[in-house]
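Asks: final13.txt is the file, holding compact mmCIF, C-alpha atoms:
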# COMPACT_ATOMS: atom_id res chain seq x y z
CA MET V 55 -64.92 168.54 -11.68
CA ASN V 56 -63.44 165.43 -13.11
CA LEU V 57 -62.11 162.86 -10.70
CA GLU V 58 -59.87 161.29 -13.35
CA GLU V 59 -58.05 164.59 -13.67
CA LEU V 60 -57.55 164.76 -9.93
CA LYS V 61 -56.04 161.31 -9.92
CA LYS V 62 -53.32 162.49 -12.27
CA LEU V 63 -52.42 165.02 -9.60
CA LYS V 64 -50.59 162.40 -7.58
CA GLU V 65 -48.16 161.43 -10.33
CA LYS V 66 -47.62 165.03 -11.28
CA ALA V 67 -47.02 166.17 -7.74
CA GLN V 68 -44.60 163.29 -7.26
CA ARG V 69 -42.45 164.62 -10.07
CA GLN V 70 -42.64 168.15 -8.72
CA VAL V 71 -41.56 166.91 -5.30
CA ALA V 72 -38.50 165.44 -6.95
CA LEU V 73 -37.62 168.89 -8.28
CA ARG V 74 -37.38 170.31 -4.80
CA GLU V 75 -34.33 168.83 -3.21
CA GLY V 76 -30.85 170.30 -2.94
CA SER V 77 -29.54 173.76 -3.69
CA LYS V 78 -29.85 174.77 -7.30
CA LYS V 79 -28.17 177.11 -9.70
CA TYR V 80 -31.41 178.89 -10.51
CA ARG V 81 -34.29 179.76 -8.30
CA VAL V 82 -37.47 180.94 -9.98
CA VAL V 83 -39.80 182.91 -7.74
CA VAL V 84 -43.33 183.45 -8.98
CA SER V 85 -45.39 186.28 -7.52
CA MET V 86 -48.56 184.56 -6.38
CA GLY V 87 -50.48 187.22 -4.50
CA THR V 88 -54.06 188.11 -5.29
CA SER V 89 -53.13 190.38 -8.19
CA GLY V 90 -50.65 187.87 -9.60
CA ILE V 91 -53.21 185.09 -9.51
CA ALA V 92 -55.83 187.29 -11.11
CA ALA V 93 -53.39 188.13 -13.91
CA GLY V 94 -52.56 184.48 -14.62
CA ALA V 95 -49.56 183.67 -12.41
CA ARG V 96 -50.78 180.14 -11.82
CA GLU V 97 -50.75 179.32 -15.52
CA VAL V 98 -47.32 180.91 -15.88
CA MET V 99 -46.00 178.81 -13.03
CA LYS V 100 -47.59 175.63 -14.34
CA THR V 101 -46.12 176.24 -17.79
CA MET V 102 -42.67 176.80 -16.31
CA LEU V 103 -42.86 173.64 -14.19
CA ASP V 104 -43.96 171.62 -17.21
CA GLU V 105 -41.28 173.11 -19.42
CA ILE V 106 -38.54 172.59 -16.85
CA GLU V 107 -39.60 168.99 -16.53
CA LYS V 108 -39.85 168.51 -20.28
CA ARG V 109 -36.37 169.84 -20.83
CA GLY V 110 -35.02 167.84 -17.92
CA LEU V 111 -33.49 170.87 -16.19
CA GLU V 112 -32.37 169.67 -12.80
CA ASP V 113 -30.57 172.75 -11.55
CA VAL V 114 -33.71 174.85 -11.18
CA GLU V 115 -36.14 175.20 -8.35
CA VAL V 116 -39.46 177.00 -8.50
CA ARG V 117 -40.87 178.89 -5.55
CA VAL V 118 -43.74 181.20 -4.89
CA THR V 119 -44.03 184.44 -3.03
CA GLY V 120 -46.83 186.83 -2.14
CA GLU V 121 -47.36 190.27 -3.60
CA VAL V 122 -44.09 191.83 -4.75
CA GLY V 123 -45.35 195.37 -5.24
CA LEU V 124 -45.52 195.15 -9.03
CA GLU V 125 -49.27 194.73 -9.29
CA ASP V 126 -49.61 196.66 -12.52
CA VAL V 127 -47.23 194.43 -14.47
CA GLU V 128 -48.26 191.00 -13.19
CA PRO V 129 -47.68 188.14 -13.73
CA VAL V 130 -44.16 188.66 -12.42
CA VAL V 131 -41.38 186.10 -12.11
CA ARG V 132 -37.94 186.65 -10.62
CA VAL V 133 -35.02 184.47 -11.63
CA GLU V 134 -32.27 184.35 -9.02
CA GLU V 135 -28.89 182.90 -9.87
CA ALA V 136 -26.65 181.18 -7.37
CA GLY V 137 -24.11 184.01 -7.87
CA GLY V 138 -26.65 186.54 -6.58
CA GLU V 139 -27.84 188.03 -9.83
CA LYS V 140 -31.56 188.63 -10.02
CA THR V 141 -33.68 189.26 -13.07
CA THR V 142 -37.33 190.26 -12.91
CA TYR V 143 -39.62 189.38 -15.76
CA ALA V 144 -43.01 191.00 -16.03
CA ARG V 145 -46.27 190.87 -18.00
CA LEU V 146 -45.80 187.19 -18.67
CA ASP V 147 -47.98 184.58 -20.28
CA ALA V 148 -47.47 180.90 -21.02
CA GLU V 149 -45.54 181.52 -24.20
CA LYS V 150 -43.17 184.04 -22.62
CA ALA V 151 -42.72 181.70 -19.67
CA ARG V 152 -41.61 178.92 -22.01
CA LYS V 153 -39.15 181.31 -23.61
CA ILE V 154 -37.60 182.18 -20.26
CA VAL V 155 -37.15 178.52 -19.46
CA ALA V 156 -35.60 177.81 -22.86
CA GLU V 157 -33.30 180.84 -22.93
CA HIS V 158 -32.46 181.84 -19.39
CA LEU V 159 -32.74 178.61 -17.44
CA GLU V 160 -31.44 176.26 -20.10
CA LYS V 161 -28.90 178.35 -22.02
CA GLY V 162 -28.14 180.95 -19.36
CA LYS V 163 -29.09 183.82 -21.66
CA LYS V 164 -31.28 186.52 -20.17
CA VAL V 165 -34.37 187.46 -22.14
CA ASP V 166 -33.81 191.20 -22.18
CA ASN V 167 -37.04 192.23 -23.86
CA LEU V 168 -39.12 190.63 -21.11
CA ALA V 169 -37.04 191.87 -18.18
CA VAL V 170 -37.96 194.96 -16.22
CA GLY V 171 -35.89 197.31 -14.07
CA LYS V 172 -32.17 197.24 -13.53
CA GLU V 173 -30.45 194.03 -12.68
CA LYS V 174 -29.68 193.79 -9.03
CA LYS V 175 -26.86 192.13 -7.21
CA SER V 176 -27.82 190.91 -3.81
CA GLU V 177 -25.53 192.01 -1.03
CA MET I 583 -62.48 188.93 -10.01
CA PHE I 584 -61.31 185.38 -10.38
CA GLU I 585 -62.80 183.30 -13.15
CA GLU I 586 -62.26 180.00 -11.39
CA LEU I 587 -62.96 178.90 -7.84
CA SER I 588 -59.62 177.11 -7.85
CA LEU I 589 -57.97 180.52 -8.19
CA HIS I 590 -59.83 181.68 -5.09
CA ILE I 591 -58.56 178.59 -3.33
CA LEU I 592 -55.00 179.30 -4.39
CA ASP I 593 -55.30 182.88 -3.21
CA ILE I 594 -56.66 182.00 0.22
CA ALA I 595 -54.22 179.15 0.67
CA MET I 596 -51.35 181.51 -0.12
CA ASN I 597 -52.47 183.48 2.94
CA SER I 598 -52.05 180.28 4.93
CA LEU I 599 -48.48 179.87 3.70
CA THR I 600 -47.75 183.48 4.59
CA ALA I 601 -49.14 182.76 8.05
CA LYS I 602 -46.49 180.03 8.44
CA ALA I 603 -48.90 177.14 8.37
CA ARG I 604 -47.42 173.65 8.47
CA THR I 605 -50.55 172.02 7.16
CA VAL I 606 -53.08 173.47 4.75
CA GLN I 607 -56.23 171.45 4.28
CA ILE I 608 -58.42 172.25 1.34
CA MET I 609 -61.85 170.71 1.18
CA VAL I 610 -64.10 170.89 -1.83
CA ALA I 611 -67.53 169.38 -1.33
CA GLU I 612 -69.69 169.25 -4.42
CA TYR I 613 -73.12 167.81 -3.77
CA ALA I 614 -75.54 167.97 -6.66
CA ARG I 615 -78.40 166.47 -4.69
CA LEU I 616 -78.09 169.26 -2.10
CA ASP I 617 -77.35 171.80 -4.82
CA GLN I 618 -74.41 172.89 -2.75
CA LEU I 619 -70.76 173.54 -3.30
CA THR I 620 -68.62 174.22 -0.26
CA ILE I 621 -64.99 175.18 -0.15
CA ARG I 622 -63.02 175.19 3.04
CA ILE I 623 -59.41 176.14 3.59
CA GLN I 624 -58.13 175.31 7.02
CA ASP I 625 -54.62 176.01 8.25
CA ASP I 626 -52.60 175.79 11.43
CA GLY I 627 -50.85 179.08 10.86
CA ARG I 628 -50.50 181.95 13.24
CA GLY I 629 -54.13 182.98 13.06
CA MET I 630 -55.65 186.37 13.74
CA ASP I 631 -57.19 188.02 16.76
CA THR I 632 -60.70 189.45 16.62
CA ALA I 633 -59.56 192.98 15.88
CA THR I 634 -57.46 191.86 12.91
CA LEU I 635 -60.23 189.65 11.67
CA GLU I 636 -62.67 192.53 11.61
CA ARG I 637 -60.15 194.64 9.79
CA VAL I 638 -59.53 191.93 7.20
CA LEU I 639 -63.16 191.84 6.23
CA ALA I 640 -63.76 195.57 6.40
CA ALA I 641 -61.00 196.93 4.19
CA PRO I 642 -57.99 195.90 2.16
CA VAL I 643 -55.35 194.55 4.50
CA SER I 644 -51.75 193.63 4.10
CA THR I 645 -49.59 191.83 6.62
CA LYS I 646 -46.55 193.63 5.31
CA ARG I 647 -45.64 196.61 7.41
CA HIS I 648 -43.44 198.34 4.86
CA ARG I 649 -46.23 198.38 2.30
CA LYS I 650 -47.73 201.81 1.88
CA LYS I 651 -51.03 200.68 0.48
CA ALA I 652 -52.55 197.45 1.56
CA ILE I 653 -53.75 195.20 -1.22
CA GLY I 654 -55.40 192.33 0.71
CA LEU I 655 -58.55 191.74 -1.28
CA GLY I 656 -58.54 187.97 -1.41
CA LEU I 657 -61.01 187.29 1.39
CA ALA I 658 -63.31 190.07 0.28
CA LEU I 659 -63.36 188.67 -3.25
CA LEU I 660 -64.23 185.20 -2.04
CA ARG I 661 -66.98 186.54 0.16
CA GLN I 662 -68.38 188.47 -2.77
CA THR I 663 -68.38 185.34 -4.94
CA ALA I 664 -70.05 183.23 -2.25
CA GLU I 665 -72.76 185.76 -1.46
CA MET I 666 -73.39 186.47 -5.11
CA CYS I 667 -73.99 182.76 -5.68
CA GLY I 668 -76.58 182.23 -2.98
CA GLY I 669 -74.12 181.00 -0.39
CA LYS I 670 -72.36 182.04 2.77
CA PHE I 671 -68.88 183.06 3.71
CA ARG I 672 -67.42 182.30 7.09
CA ILE I 673 -64.04 182.82 8.65
CA HIS I 674 -62.89 181.57 11.98
CA SER I 675 -59.48 182.32 13.38
CA THR I 676 -57.65 181.83 16.64
CA PRO I 677 -54.25 183.39 17.32
CA ARG I 678 -51.46 180.77 17.20
CA MET I 679 -53.99 178.08 16.29
CA GLY I 680 -54.90 178.84 12.72
CA THR I 681 -57.59 180.05 10.43
CA THR I 682 -60.51 178.39 8.70
CA VAL I 683 -62.23 179.99 5.75
CA THR I 684 -65.48 178.49 4.49
CA ALA I 685 -67.42 179.58 1.45
CA SER I 686 -70.56 177.91 0.20
CA MET I 687 -72.46 178.40 -3.01
CA LYS I 688 -75.49 177.11 -4.78
CA LEU I 689 -74.05 174.61 -7.21
CA SER I 690 -76.60 175.50 -9.88
CA HIS I 691 -76.33 179.26 -9.46
CA VAL I 692 -75.91 180.91 -12.83
CA ASP I 693 -73.11 183.17 -11.60
CA ARG I 694 -71.14 180.43 -9.92
CA PRO I 695 -67.63 180.26 -11.41
CA PRO I 696 -66.42 176.82 -12.45
CA LEU I 697 -64.04 175.02 -10.13
CA GLY I 698 -61.42 175.17 -12.84
CA ASP I 699 -57.98 173.65 -12.70
CA LEU I 700 -57.76 172.42 -9.15
CA ASN I 701 -54.66 170.39 -10.03
CA ALA I 702 -52.75 173.50 -11.05
CA THR I 703 -53.72 175.15 -7.78
CA ILE I 704 -52.47 172.21 -5.72
CA LEU I 705 -49.27 171.93 -7.73
CA ALA I 706 -48.56 175.62 -7.27
CA LEU I 707 -49.07 175.29 -3.53
CA CYS I 708 -46.86 172.19 -3.37
CA ALA I 709 -44.10 174.03 -5.17
CA ALA I 710 -44.63 177.15 -3.10
CA ASN I 711 -43.33 175.64 0.10
CA PRO I 712 -42.07 172.05 0.22
CA ALA I 713 -42.15 171.97 4.00
CA VAL I 714 -45.89 172.51 4.13
CA ASP I 715 -48.28 169.58 3.92
CA VAL I 716 -50.83 170.56 1.31
CA GLN I 717 -53.93 168.42 1.49
CA LEU I 718 -56.88 168.24 -0.83
CA HIS I 719 -60.10 166.51 0.10
CA TYR I 720 -62.61 166.36 -2.66
CA LEU I 721 -66.05 165.05 -1.77
CA GLY I 722 -68.68 164.42 -4.39
CA ASP I 723 -72.07 162.74 -4.48
CA THR I 724 -70.59 159.35 -5.13
CA GLU I 725 -66.83 159.80 -5.15
CA HIS I 726 -64.12 160.95 -2.78
CA PHE I 727 -60.56 161.91 -3.42
CA HIS I 728 -57.81 162.63 -0.92
CA PHE I 729 -54.36 163.99 -1.49
CA SER I 730 -51.53 164.97 0.82
CA SER I 731 -48.20 166.30 -0.39
CA LYS I 732 -46.44 165.17 2.74
CA GLU I 733 -47.66 161.63 2.50
CA LEU I 734 -46.70 161.68 -1.13
CA ALA I 735 -43.17 162.72 -0.23
CA GLU I 736 -43.00 159.97 2.35
CA LYS I 737 -44.54 157.55 -0.14
CA LYS I 738 -47.27 156.54 2.23
CA SER I 739 -50.84 155.95 1.33
CA VAL I 740 -53.12 158.92 1.78
CA SER I 741 -55.26 158.55 4.82
CA ARG I 742 -58.23 160.45 6.05
CA PRO I 743 -57.54 163.53 8.14
CA GLU I 744 -58.22 163.24 11.83
CA ARG I 745 -59.34 166.67 12.73
CA PHE I 746 -60.42 168.28 9.54
CA TRP I 747 -64.09 168.59 10.22
CA SER I 748 -64.96 170.23 13.45
CA GLY I 749 -67.92 171.79 15.12
CA GLU I 750 -71.54 171.94 14.13
CA GLU I 751 -70.88 173.12 10.61
CA THR I 752 -70.33 169.55 9.52
CA THR I 753 -74.08 168.93 9.55
CA ASN I 754 -74.30 171.03 6.40
CA TYR I 755 -72.44 168.56 4.29
CA GLU I 756 -73.60 165.02 4.51
CA PRO I 757 -75.74 163.69 7.32
CA GLY I 758 -74.50 160.11 6.94
CA ARG I 759 -70.94 161.23 7.25
CA THR I 760 -71.33 163.63 10.10
CA GLN I 761 -71.49 161.19 12.96
CA LYS I 762 -68.32 159.46 11.98
CA ILE I 763 -66.58 162.77 11.56
CA GLU I 764 -67.66 163.94 14.96
CA ARG I 765 -66.37 160.73 16.47
CA GLU I 766 -63.05 161.27 14.76
CA GLY I 767 -63.00 164.82 16.00
CA ALA I 768 -63.77 163.66 19.52
CA ALA I 769 -61.09 161.00 19.35
CA ALA I 770 -58.54 163.54 18.19
CA GLY I 771 -59.62 165.78 21.04
CA CYS I 772 -59.07 163.03 23.58
CA LEU I 773 -55.60 162.32 22.29
CA ALA I 774 -54.72 165.97 22.38
Show the structure stored in the file as structure tokens.

Replies:
Amino acid sequence: MNLEELKKLKEKAQRQVALREGSKKYRVVVSMGTSGIAAGAREVMKTMLDEIEKRGLEDVEVRVTGEVGLEDVEPVVRVEEAGGEKTTYARLDAEKARKIVAEHLEKGKKVDNLAVGKEKKSE
Amino acid sequence: MFEELSLHILDIAMNSLTAKARTVQIMVAEYARLDQLTIRIQDDGRGMDTATLERVLAAPVSTKRHRKKAIGLGLALLRQTAEMCGGKFRIHSTPRMGTTVTASMKLSHVDRPPLGDLNATILALCAANPAVDVQLHYLGDTEHFHFSSKELAEKKSVSRPERFWSGEETTNYEPGRTQKIEREGAAAGCLA
């Protein structure tokens, strides 16, 4: 373990804290249960946070949830729009996560080939 | 099986968030001269009674009632890692008071997974629930590091926790430190 690395944590966390406030257009929910973590959910989430920050997207918040019942297709990320539309992306990795940020969260275009299931409207 | 101990930490700490903890304290003590690595995750969540605790360790458990099959393998996986690496696994929980999970390992054990990206684990936990104070206390042979997401948000300096170490288990870590810790614990007890 490298203490220098840990010290960077404070600056990084500071920026993440800034991402939290207010209600946002997009909410990204990462499945971070045991199976999600084992499949690489943490790296997916880290990549998304970095990419969101890099692109300066302010209208996005990133949250985490436990198991979502999709253990066989983890890592799973759900993108919820303020209008109620929800898209679930599955079998992600860092590269796919970057693509979702670039396409869906920045341009508002869903990445159909990574999405699973039917789109749902919340009640 | 997780390839990094920091993934174990993330997994266990996610349980704490599910248990509605307001503070999650993560301690990593890495002492080469004792050949010991200890990880402790302590929360003030809703805790478990004895019956639940026994169930958690005996078989896969899920807190979600609607779930047909319980997944809950996180604690069992950590116990396996600890015991495989010449260490011990301990869990202590009190309903409405919180849960403490401790896992120790021989630092030099050939099967011991690397700590890995502890920063990514803490960042994920910070993002997971902004209302929760996520604390990291890293103790090494010569260096210490303390982090608290709440104090960061309030832009205060990070101070030492008051009641992080408790009970006789502290003697395992660092004899020189123990007395002070016990005093702090006692002081916190008096105030409470």

Asks: For a quick test of understanding: name the residues of chain V lying within 7 Å of chain I when counting only C-alpha atoms, and present them as a ChimeraX atom specification.

Replies: /V:55,60,63,67-68,71,87-88,91-92,96,100,116-118

Asks: Go ahead and save the residues from that selection, with C-alpha atoms, as a compact mmCIF listing (two decimals), in the coordinates of the input.

Replies:
# COMPACT_ATOMS: atom_id res chain seq x y z
CA MET V 55 -64.92 168.54 -11.68
CA LEU V 60 -57.55 164.76 -9.93
CA LEU V 63 -52.42 165.02 -9.60
CA ALA V 67 -47.02 166.17 -7.74
CA GLN V 68 -44.60 163.29 -7.26
CA VAL V 71 -41.56 166.91 -5.30
CA GLY V 87 -50.48 187.22 -4.50
CA THR V 88 -54.06 188.11 -5.29
CA ILE V 91 -53.21 185.09 -9.51
CA ALA V 92 -55.83 187.29 -11.11
CA ARG V 96 -50.78 180.14 -11.82
CA LYS V 100 -47.59 175.63 -14.34
CA VAL V 116 -39.46 177.00 -8.50
CA ARG V 117 -40.87 178.89 -5.55
CA VAL V 118 -43.74 181.20 -4.89

Asks: Would you work out the distance separating atom CA of I:Thr605 from atom CA of I:Ile591, expressed in Å to one decimal?

Replies: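 Answer for the atom CA of I:Thr605 to atom CA of I:Ile591 separation: 14.7 Å.
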
Asks: Separation of atom CA of I:Thr632 and atom CA of I:Thr684, in Å?

Replies: 17.0 Å

Asks: Neighbours of V:Ala144 within 9 Å (only C-alpha atoms; same-chain residues fewer than 4 positions away dropped), as a list in words?

Replies: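 Near V:Ala144, the qualifying residues are Leu124, Val127, Glu128, Pro129, Val130, Val131, Arg132, Leu168, Ala169 and Val170 of chain V.
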
Asks: Grab the atom CA of I:Ser690 to atom CA of I:Gln618 distance for me, in Å with one decimal place.

Replies: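 We find that atom CA of I:Ser690 and atom CA of I:Gln618 lie 7.9 Å from each other.
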